[in-house]
Structures are given as structure tokens and as C-alpha cells.
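Asker: See input.pdb below, with PDB, C-alpha atoms and all ligand atoms.
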ATOM      1  CA  MET A   1     -55.885 -42.746  -5.884
ATOM      2  CA  ASP A   2     -53.675 -41.689  -2.970
ATOM      3  CA  GLU A   3     -51.371 -44.328  -1.534
ATOM      4  CA  VAL A   4     -51.479 -44.362   2.266
ATOM      5  CA  ARG A   5     -49.027 -46.415   4.264
ATOM      6  CA  LEU A   6     -47.633 -46.546   7.777
ATOM      7  CA  ARG A   7     -44.103 -46.909   9.044
ATOM      8  CA  LEU A   8     -42.673 -46.495  12.516
ATOM      9  CA  ILE A   9     -42.031 -42.879  13.388
ATOM     10  CA  GLU A  10     -38.437 -41.727  12.878
ATOM     11  CA  GLU A  11     -36.470 -38.735  14.113
ATOM     12  CA  LYS A  12     -36.546 -37.240  10.623
ATOM     13  CA  ASP A  13     -40.347 -36.886  10.950
ATOM     14  CA  LEU A  14     -40.097 -34.572  13.950
ATOM     15  CA  PRO A  15     -39.938 -31.238  12.070
ATOM     16  CA  PHE A  16     -43.207 -32.207  10.326
ATOM     17  CA  VAL A  17     -44.796 -33.324  13.604
ATOM     18  CA  GLN A  18     -43.763 -30.031  15.221
ATOM     19  CA  GLU A  19     -45.138 -27.942  12.344
ATOM     20  CA  TYR A  20     -48.432 -29.719  11.741
ATOM     21  CA  ILE A  21     -49.364 -30.401  15.353
ATOM     22  CA  SER A  22     -48.813 -26.749  16.262
ATOM     23  CA  LYS A  23     -51.981 -25.874  14.330
ATOM     24  CA  LYS A  24     -54.895 -25.111  16.631
ATOM     25  CA  GLU A  25     -57.369 -27.055  14.454
ATOM     26  CA  VAL A  26     -55.271 -30.224  14.879
ATOM     27  CA  ALA A  27     -54.590 -29.796  18.610
ATOM     28  CA  ASP A  28     -58.083 -28.681  19.664
ATOM     29  CA  PRO A  29     -59.951 -32.032  19.586
ATOM     30  CA  THR A  30     -56.990 -33.966  21.062
ATOM     31  CA  ASN A  31     -54.973 -33.917  24.283
ATOM     32  CA  ILE A  32     -52.138 -32.144  22.447
ATOM     33  CA  PRO A  33     -51.419 -28.783  24.160
ATOM     34  CA  HIS A  34     -51.905 -25.536  22.261
ATOM     35  CA  PRO A  35     -49.734 -23.513  21.916
ATOM     36  CA  TYR A  36     -47.485 -26.500  21.284
ATOM     37  CA  PRO A  37     -44.161 -26.316  23.202
ATOM     38  CA  LYS A  38     -41.026 -25.532  21.168
ATOM     39  CA  ASP A  39     -39.529 -28.993  21.822
ATOM     40  CA  GLY A  40     -42.899 -30.760  21.931
ATOM     41  CA  ALA A  41     -42.272 -33.163  19.056
ATOM     42  CA  LYS A  42     -38.882 -34.209  20.437
ATOM     43  CA  GLU A  43     -40.296 -34.812  23.927
ATOM     44  CA  TRP A  44     -43.217 -36.789  22.472
ATOM     45  CA  TYR A  45     -40.793 -38.883  20.401
ATOM     46  CA  GLU A  46     -38.591 -39.686  23.400
ATOM     47  CA  PHE A  47     -41.670 -40.749  25.382
ATOM     48  CA  VAL A  48     -43.238 -42.945  22.679
ATOM     49  CA  ILE A  49     -39.955 -44.646  21.778
ATOM     50  CA  GLU A  50     -39.495 -45.649  25.440
ATOM     51  CA  GLU A  51     -43.068 -46.978  25.458
ATOM     52  CA  TYR A  52     -42.409 -48.773  22.159
ATOM     53  CA  LYS A  53     -39.382 -50.526  23.685
ATOM     54  CA  LYS A  54     -41.666 -51.736  26.494
ATOM     55  CA  GLY A  55     -44.163 -53.061  23.903
ATOM     56  CA  ARG A  56     -46.930 -50.698  24.983
ATOM     57  CA  HIS A  57     -47.099 -48.112  22.195
ATOM     58  CA  TYR A  58     -46.549 -48.421  18.437
ATOM     59  CA  PRO A  59     -46.173 -44.928  16.957
ATOM     60  CA  PHE A  60     -46.474 -44.695  13.167
ATOM     61  CA  ALA A  61     -45.948 -41.959  10.639
ATOM     62  CA  ILE A  62     -48.791 -41.801   8.122
ATOM     63  CA  LEU A  63     -47.352 -41.399   4.629
ATOM     64  CA  CYS A  64     -49.554 -40.193   1.766
ATOM     65  CA  ASN A  65     -47.896 -40.758  -1.614
ATOM     66  CA  GLY A  66     -44.620 -40.895   0.323
ATOM     67  CA  GLU A  67     -45.157 -37.552   2.122
ATOM     68  CA  PHE A  68     -45.493 -37.254   5.893
ATOM     69  CA  ALA A  69     -49.224 -36.701   6.471
ATOM     70  CA  GLY A  70     -49.795 -37.320  10.183
ATOM     71  CA  SER A  71     -49.395 -39.884  12.905
ATOM     72  CA  ILE A  72     -51.312 -42.835  14.286
ATOM     73  CA  SER A  73     -50.433 -44.928  17.321
ATOM     74  CA  VAL A  74     -51.629 -48.305  18.463
ATOM     75  CA  ARG A  75     -51.597 -48.313  22.262
ATOM     76  CA  LYS A  76     -51.705 -51.686  23.964
ATOM     77  CA  ASP A  77     -53.875 -51.524  27.092
ATOM     78  CA  ASN A  78     -53.453 -55.240  27.801
ATOM     79  CA  ASP A  79     -52.728 -58.489  25.885
ATOM     80  CA  ARG A  80     -56.065 -58.342  24.077
ATOM     81  CA  THR A  81     -57.159 -54.722  24.030
ATOM     82  CA  GLY A  82     -55.713 -51.792  22.136
ATOM     83  CA  ALA A  83     -56.590 -48.176  21.376
ATOM     84  CA  LEU A  84     -55.883 -45.789  18.508
ATOM     85  CA  ASP A  85     -54.588 -42.198  18.683
ATOM     86  CA  TYR A  86     -54.374 -40.261  15.437
ATOM     87  CA  TRP A  87     -54.138 -36.918  13.753
ATOM     88  CA  VAL A  88     -53.833 -35.963  10.096
ATOM     89  CA  ALA A  89     -52.037 -32.820   8.883
ATOM     90  CA  ILE A  90     -54.451 -30.197   7.551
ATOM     91  CA  PRO A  91     -53.276 -30.315   3.876
ATOM     92  CA  PHE A  92     -54.291 -34.006   3.828
ATOM     93  CA  TRP A  93     -57.755 -33.709   5.409
ATOM     94  CA  ASN A  94     -60.859 -35.154   3.758
ATOM     95  CA  LYS A  95     -59.041 -37.437   1.345
ATOM     96  CA  GLY A  96     -59.645 -40.682   3.235
ATOM     97  CA  VAL A  97     -56.153 -40.620   4.773
ATOM     98  CA  GLY A  98     -57.392 -40.968   8.375
ATOM     99  CA  THR A  99     -59.772 -43.805   7.479
ATOM    100  CA  THR A 100     -57.087 -45.777   5.607
ATOM    101  CA  ALA A 101     -54.447 -45.138   8.275
ATOM    102  CA  ALA A 102     -56.811 -46.462  10.964
ATOM    103  CA  GLN A 103     -57.573 -49.541   8.837
ATOM    104  CA  LYS A 104     -53.840 -50.280   8.547
ATOM    105  CA  ALA A 105     -53.189 -49.622  12.247
ATOM    106  CA  ILE A 106     -55.992 -52.047  13.165
ATOM    107  CA  GLY A 107     -54.478 -54.637  10.805
ATOM    108  CA  PHE A 108     -51.129 -54.215  12.536
ATOM    109  CA  GLY A 109     -52.706 -54.541  15.988
ATOM    110  CA  VAL A 110     -54.587 -57.708  15.035
ATOM    111  CA  ASN A 111     -51.937 -59.460  12.937
ATOM    112  CA  GLU A 112     -48.751 -58.423  14.737
ATOM    113  CA  LEU A 113     -49.910 -57.916  18.331
ATOM    114  CA  GLY A 114     -52.794 -60.392  18.501
ATOM    115  CA  LEU A 115     -55.273 -57.765  19.658
ATOM    116  CA  GLU A 116     -58.927 -58.813  19.751
ATOM    117  CA  LYS A 117     -60.551 -55.545  20.743
ATOM    118  CA  PHE A 118     -59.999 -51.796  20.312
ATOM    119  CA  ASP A 119     -61.529 -49.127  22.565
ATOM    120  CA  THR A 120     -61.168 -45.578  21.281
ATOM    121  CA  CYS A 121     -62.732 -42.296  22.418
ATOM    122  CA  CYS A 122     -63.382 -39.023  20.659
ATOM    123  CA  LEU A 123     -65.156 -35.823  21.578
ATOM    124  CA  ALA A 124     -68.851 -35.987  20.665
ATOM    125  CA  LYS A 125     -68.379 -32.994  18.360
ATOM    126  CA  ASN A 126     -65.459 -34.576  16.476
ATOM    127  CA  ILE A 127     -67.492 -35.776  13.497
ATOM    128  CA  GLY A 128     -64.416 -36.576  11.344
ATOM    129  CA  SER A 129     -62.914 -38.830  14.010
ATOM    130  CA  GLU A 130     -66.233 -40.538  14.652
ATOM    131  CA  ARG A 131     -66.563 -41.232  10.907
ATOM    132  CA  ILE A 132     -63.089 -42.812  10.850
ATOM    133  CA  LEU A 133     -64.097 -45.178  13.655
ATOM    134  CA  LYS A 134     -67.451 -46.067  12.071
ATOM    135  CA  ASN A 135     -65.822 -46.547   8.639
ATOM    136  CA  ASN A 136     -63.600 -49.161  10.285
ATOM    137  CA  GLY A 137     -66.413 -51.087  11.942
ATOM    138  CA  PHE A 138     -66.292 -49.542  15.435
ATOM    139  CA  LYS A 139     -69.631 -49.507  17.276
ATOM    140  CA  PHE A 140     -70.842 -46.803  19.636
ATOM    141  CA  VAL A 141     -70.705 -47.917  23.304
ATOM    142  CA  GLU A 142     -71.509 -44.886  25.470
ATOM    143  CA  GLU A 143     -71.321 -41.165  25.983
ATOM    144  CA  PHE A 144     -69.566 -39.784  29.039
ATOM    145  CA  GLU A 145     -68.443 -36.502  30.542
ATOM    146  CA  VAL A 146     -64.668 -35.979  30.388
ATOM    147  CA  GLY A 147     -63.235 -36.092  33.915
ATOM    148  CA  LYS A 148     -61.455 -33.545  36.071
ATOM    149  CA  GLY A 149     -57.930 -32.497  35.163
ATOM    150  CA  ASP A 150     -58.291 -33.411  31.477
ATOM    151  CA  LYS A 151     -57.863 -30.735  28.783
ATOM    152  CA  HIS A 152     -61.505 -31.358  27.800
ATOM    153  CA  GLU A 153     -62.929 -31.521  31.342
ATOM    154  CA  GLY A 154     -66.724 -31.262  31.314
ATOM    155  CA  LYS A 155     -67.138 -31.903  27.578
ATOM    156  CA  ILE A 156     -69.086 -34.870  26.224
ATOM    157  CA  ALA A 157     -67.041 -37.676  24.656
ATOM    158  CA  LYS A 158     -67.992 -40.971  23.048
ATOM    159  CA  LEU A 159     -66.488 -44.426  23.495
ATOM    160  CA  TYR A 160     -66.359 -46.628  20.392
ATOM    161  CA  ARG A 161     -65.388 -50.320  20.337
ATOM    162  CA  LEU A 162     -64.229 -52.737  17.662
ATOM    163  CA  ILE A 163     -64.414 -56.464  18.394
ATOM    164  CA  ILE A 164     -62.405 -58.629  16.027
ATOM    165  CA  CYS A 165     -64.179 -61.820  14.951
ATOM    166  CA  ASN A 166     -61.662 -64.598  14.243
ATOM    167  CA  SER A 167     -63.931 -66.855  12.259
TER     168      SER A 167
HETATM  169  C1  LIG B   1     -60.323 -36.211  12.492
HETATM  170  C2  LIG B   1     -59.233 -36.349  11.427
HETATM  171  C3  LIG B   1     -58.209 -37.382  11.898
HETATM  172  C4  LIG B   1     -59.890 -36.805  10.128
HETATM  173  O1  LIG B   1     -58.862 -37.146   9.194
HETATM  174  P1  LIG B   1     -59.165 -37.257   7.630
HETATM  175  O2  LIG B   1     -57.980 -37.838   6.978
HETATM  176  O3  LIG B   1     -59.661 -35.942   7.137
HETATM  177  O4  LIG B   1     -60.356 -38.312   7.629
HETATM  178  P2  LIG B   1     -61.054 -38.992   6.362
HETATM  179  O5  LIG B   1     -60.710 -38.205   5.117
HETATM  180  O6  LIG B   1     -60.757 -40.434   6.383
HETATM  181  O7  LIG B   1     -62.586 -38.703   6.657
HETATM  182  C5  LIG B   1     -63.460 -39.621   7.286
HETATM  183  C6  LIG B   1     -64.885 -39.109   7.140
HETATM  184  O8  LIG B   1     -65.069 -37.984   7.998
HETATM  185  C7  LIG B   1     -65.533 -36.867   7.254
HETATM  186  N1  LIG B   1     -64.908 -35.691   7.870
HETATM  187  C8  LIG B   1     -63.596 -35.431   7.998
HETATM  188  N2  LIG B   1     -63.429 -34.268   8.670
HETATM  189  C9  LIG B   1     -64.675 -33.807   8.957
HETATM  190  C10 LIG B   1     -65.179 -32.653   9.630
HETATM  191  N3  LIG B   1     -64.351 -31.740  10.166
HETATM  192  N4  LIG B   1     -66.509 -32.503   9.759
HETATM  193  C11 LIG B   1     -67.358 -33.441   9.249
HETATM  194  N5  LIG B   1     -66.943 -34.561   8.606
HETATM  195  C12 LIG B   1     -65.615 -34.730   8.462
HETATM  196  C13 LIG B   1     -65.067 -37.133   5.823
HETATM  197  O9  LIG B   1     -65.862 -36.450   4.887
HETATM  198  C14 LIG B   1     -65.255 -38.639   5.732
HETATM  199  O10 LIG B   1     -66.626 -38.901   5.554
HETATM  200  P3  LIG B   1     -67.143 -40.295   4.911
HETATM  201  O11 LIG B   1     -66.751 -41.387   5.829
HETATM  202  O12 LIG B   1     -68.614 -40.099   4.844
HETATM  203  O13 LIG B   1     -66.462 -40.389   3.582
HETATM  204  C15 LIG B   1     -58.539 -34.989  11.154
HETATM  205  O14 LIG B   1     -59.524 -34.031  10.882
HETATM  206  C16 LIG B   1     -57.707 -34.525  12.317
HETATM  207  O15 LIG B   1     -56.529 -34.867  12.429
HETATM  208  N6  LIG B   1     -58.311 -33.728  13.226
HETATM  209  C17 LIG B   1     -57.585 -33.193  14.378
HETATM  210  C18 LIG B   1     -57.069 -34.281  15.306
HETATM  211  C19 LIG B   1     -58.153 -35.243  15.744
HETATM  212  O16 LIG B   1     -59.318 -34.895  15.818
HETATM  213  N7  LIG B   1     -57.735 -36.490  16.044
HETATM  214  C20 LIG B   1     -58.650 -37.502  16.544
HETATM  215  C21 LIG B   1     -58.847 -37.343  18.014
HETATM  216  S1  LIG B   1     -60.056 -38.513  18.621
END
Rewrite the structure of this file - the entire thing - as C-alpha cells.
Answerer:
Amino acid sequence: MDEVRLRLIEEKDLPFVQEYISKKEVADPTNIPHPYPKDGAKEWYEFVIEEYKKGRHYPFAILCNGEFAGSISVRKDNDRTGALDYWVAIPFWNKGVGTTAAQKAIGFGVNELGLEKFDTCCLAKNIGSERILKNNGFKFVEEFEVGKGDKHEGKIAKLYRLIICNS
């Protein structure tokens, strides 16, 4: 059984981020640009660490048996509501890594940040991402057309929601 855990992203992860995120299959369903800029990982890191210091973004490395296997962030939209952003490196696909990472990120958001709700979107054709959300109890809310100026303008996306019951 693979051991999946999360820890805050560190500078030493950046060569892995740069390498894995540069793959078209990883970038395509996300807002990550492709081709990925040469200093993309470093710029992303500088941005998310600033957001982290402001308490708005919690960027984690996903570790699978101790190896860097992707990244998942908990974004705080307000005191109660969060969102998840995630990608898994291709060598680790289809092993349950994304599902377990999302479960742990939700646990962090609920227990450490006091979040009561998560809203997360994925492209309608992103079956793997949709499965991760459903596996973690998210419910389908609505389909919508991605707006102007977005990388996926005109495509159909789906909003999923998880409401935490504190009973
Ligand atoms: C989507 C992604 C995160 C899935 O990660 P993963 O670690 O392979 O996910 P899991 O192994 O936990 O798989 C979850 C489920 O989706 C299924 N699945 C995964 N990839 C799939 C695919 N391409 N097509 C169909 N089903 C897929 C798995 O079989 C599993 O099914 P199950 O719940 O019935 O067991 C990964 O493919 C990825 O990083 N894609 C590019 C970036 C991306 O799409 N990020 C999300 C943006 S919203």
C-alpha cells in the first residue's frame, strides 16, 4: 500500500514541479500554461508563499512513499469556504494518490483552518478529477461555460461542493 502524505511545499521541490508540470497531459486540464515557462516553478513558489503568509493559500507537496508526486493547495476564499487545486505527476497516476491527497487536504482545511465548505471546479471532460471529488464526498452543483479570458474559455466545466457536517 502506498503511503501518501502532505507537507508544505519547499524550495527543494521546485525542480520536480518544473519537470512534472511541463508535461502537456498535466497542464492541459488546468490553468497551468503550456509550454511551461523556464522559471515557472520559481515564480509560482514566490506567489504562493506570499499568499501563504497572508493566510490565503496553503500549498502542499504530495509525497508518495517519500517521493515528490505532485502538489495540492487549499485556497481560502473566506473564513468558511475553501477550494482545492491539485495535480499529480504522471508516474503516480491511477494509484489513488490524488484521492488520498485531497482527503488529507480537506482534513487540514477543516481541522486547522475551520473550513465548513469547499467549492471546486473541474472541466467536464476531466473524469479523473471528478472522481477525486466524488470519492471525497463532493456533490455536483452545476455545469457552466468557462468565461472570457480564461485558458479554457468556452469549454464546459462543473462545480462540485463539499459541506462539512459537524455533528
Ligand atoms: C486528475 C488527476 C489529479 C488524477 O490523479 P490520480 O492520482 O491519478 O487520481 P486517483 O488515482 O486518485 O484516481 C481517482 C479515480 O479517477 C480515475 N481516473 C484517474 N485518471 C483518469 C482518467 N484519465 N480517465 C478516467 N478515470 C481516471 C481512477 O481510476 C480512480 O477511479 P476510482 O475512483 O473509480 O477508483 C491527475 O490525472 C492529474 O494530475 N491530471 C492533470 C491535472 C489535473 O487534471 N488537475 C485537476 C484539475 S481540476
Asker: Mind listing the residues within 9 Å of ligand LIG 1 (chain B), all atoms listed in the file counted, as a PyMOL selection string?
Answerer: chain A and resi 21+24-32+69-71+84-90+92-102+120-123+125-135
Asker: So, counting all atoms listed in the file, which residue among A:Ala105, A:Val48, A:Ile9, A:Ala124 is closest to Ala61 in chain A?
Answerer: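 Nearest candidate to Ala61 in chain A out of A:Ala105, A:Val48, A:Ile9, A:Ala124: A:Ile9.
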Asker: I'd like to see the residues matched by the PyMOL selection byres (((chain A and resi 64) around 9) and not hetatm) on this file, and ideally I'd get them as a list in words.
Answerer: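 Expected selection for the PyMOL selection byres (((chain A and resi 64) around 9) and not hetatm) here is Asp2, Glu3, Val4, Arg5, Leu6, Ile62, Leu63, Asn65, Gly66, Glu67, Phe68, Ala69, Gly70, Phe92 and Val97 of chain A.
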Asker: How many Å lie between CA of Glu10 in chain A and CA of Tyr58 in chain A, rounded to one decimal?
Answerer: 11.9 Å
Asker: Run the PyMOL selection byres (((chain A and resi 40-45) around 10) and not hetatm) mentally over the shown coordinates, then write out the matched residues as a ChimeraX atom specification, using the chain letters and numbers from the document.
Answerer: /A:9-11,13-19,21-22,32-33,35-39,46-51,59
Asker: Write out as a list of chain:residue names the residues lying within 9 Å of Gly109 in chain A, counting only C-alpha atoms and excluding same-chain residues fewer than 3 positions away.
Answerer: A:Val74, A:Arg75, A:Lys76, A:Gly82, A:Lys104, A:Ala105, A:Ile106, A:Glu112, A:Leu113, A:Gly114, A:Leu115, A:Glu116, A:Phe118
Asker: Box in all listed atoms of range 142-161 of chain A, axis-aligned, with 4 Å more on each side; write out centre and edge lengths in Å to one decimal as AutoDock Vina command-line options.
Answerer:
--center_x -64.7 --center_y -40.5 --center_z 28.2 --size_x 21.6 --size_y 27.6 --size_z 23.7
Asker: Figure out the distance between CA of Lys158 in chain A and CA of Val146 in chain A, please, to one decimal in Å.
Answerer: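 Separation between CA of Val146 in chain A and CA of Lys158 in chain A: 9.5 Å.
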Asker: Could you work out how far CA of Asp150 in chain A lies from CA of Tyr20 in chain A, giving the answer in Å with one decimal?
Answerer: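 Pair CA of Tyr20 in chain A / CA of Asp150 in chain A returns 22.4 Å.
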Asker: Compare A:Phe138, A:Phe144, A:Tyr52, A:Phe60 by their minimum atom-to-atom distance to Ser73 in chain A, counting all atoms listed in the file, and give me the closest one.
Answerer: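 Answer, going by the shortest atom-to-atom distance: A:Phe60.
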Asker: Between A:Gly107, A:Lys54, A:Pro91, A:Leu8, which is the closest to Lys23 in chain A once you count all atoms listed in the file?
Answerer: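 Between A:Gly107, A:Lys54, A:Pro91, A:Leu8, the residue approaching Lys23 in chain A most closely is A:Pro91.
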Asker: Neighbouring residues of Gly137 in chain A were defined as those with any atom within 9 Å, considering only C-alpha atoms; residues of the same chain fewer than 6 positions away were excluded. Please report them as a VMD selection string.
Answerer: chain A and resid 161 to 163
Asker: Nearest to Glu142 in chain A: which of A:His57, A:Asp119, A:Asp77, A:Lys12 is it, counting all atoms listed in the file?
Answerer: A:Asp119
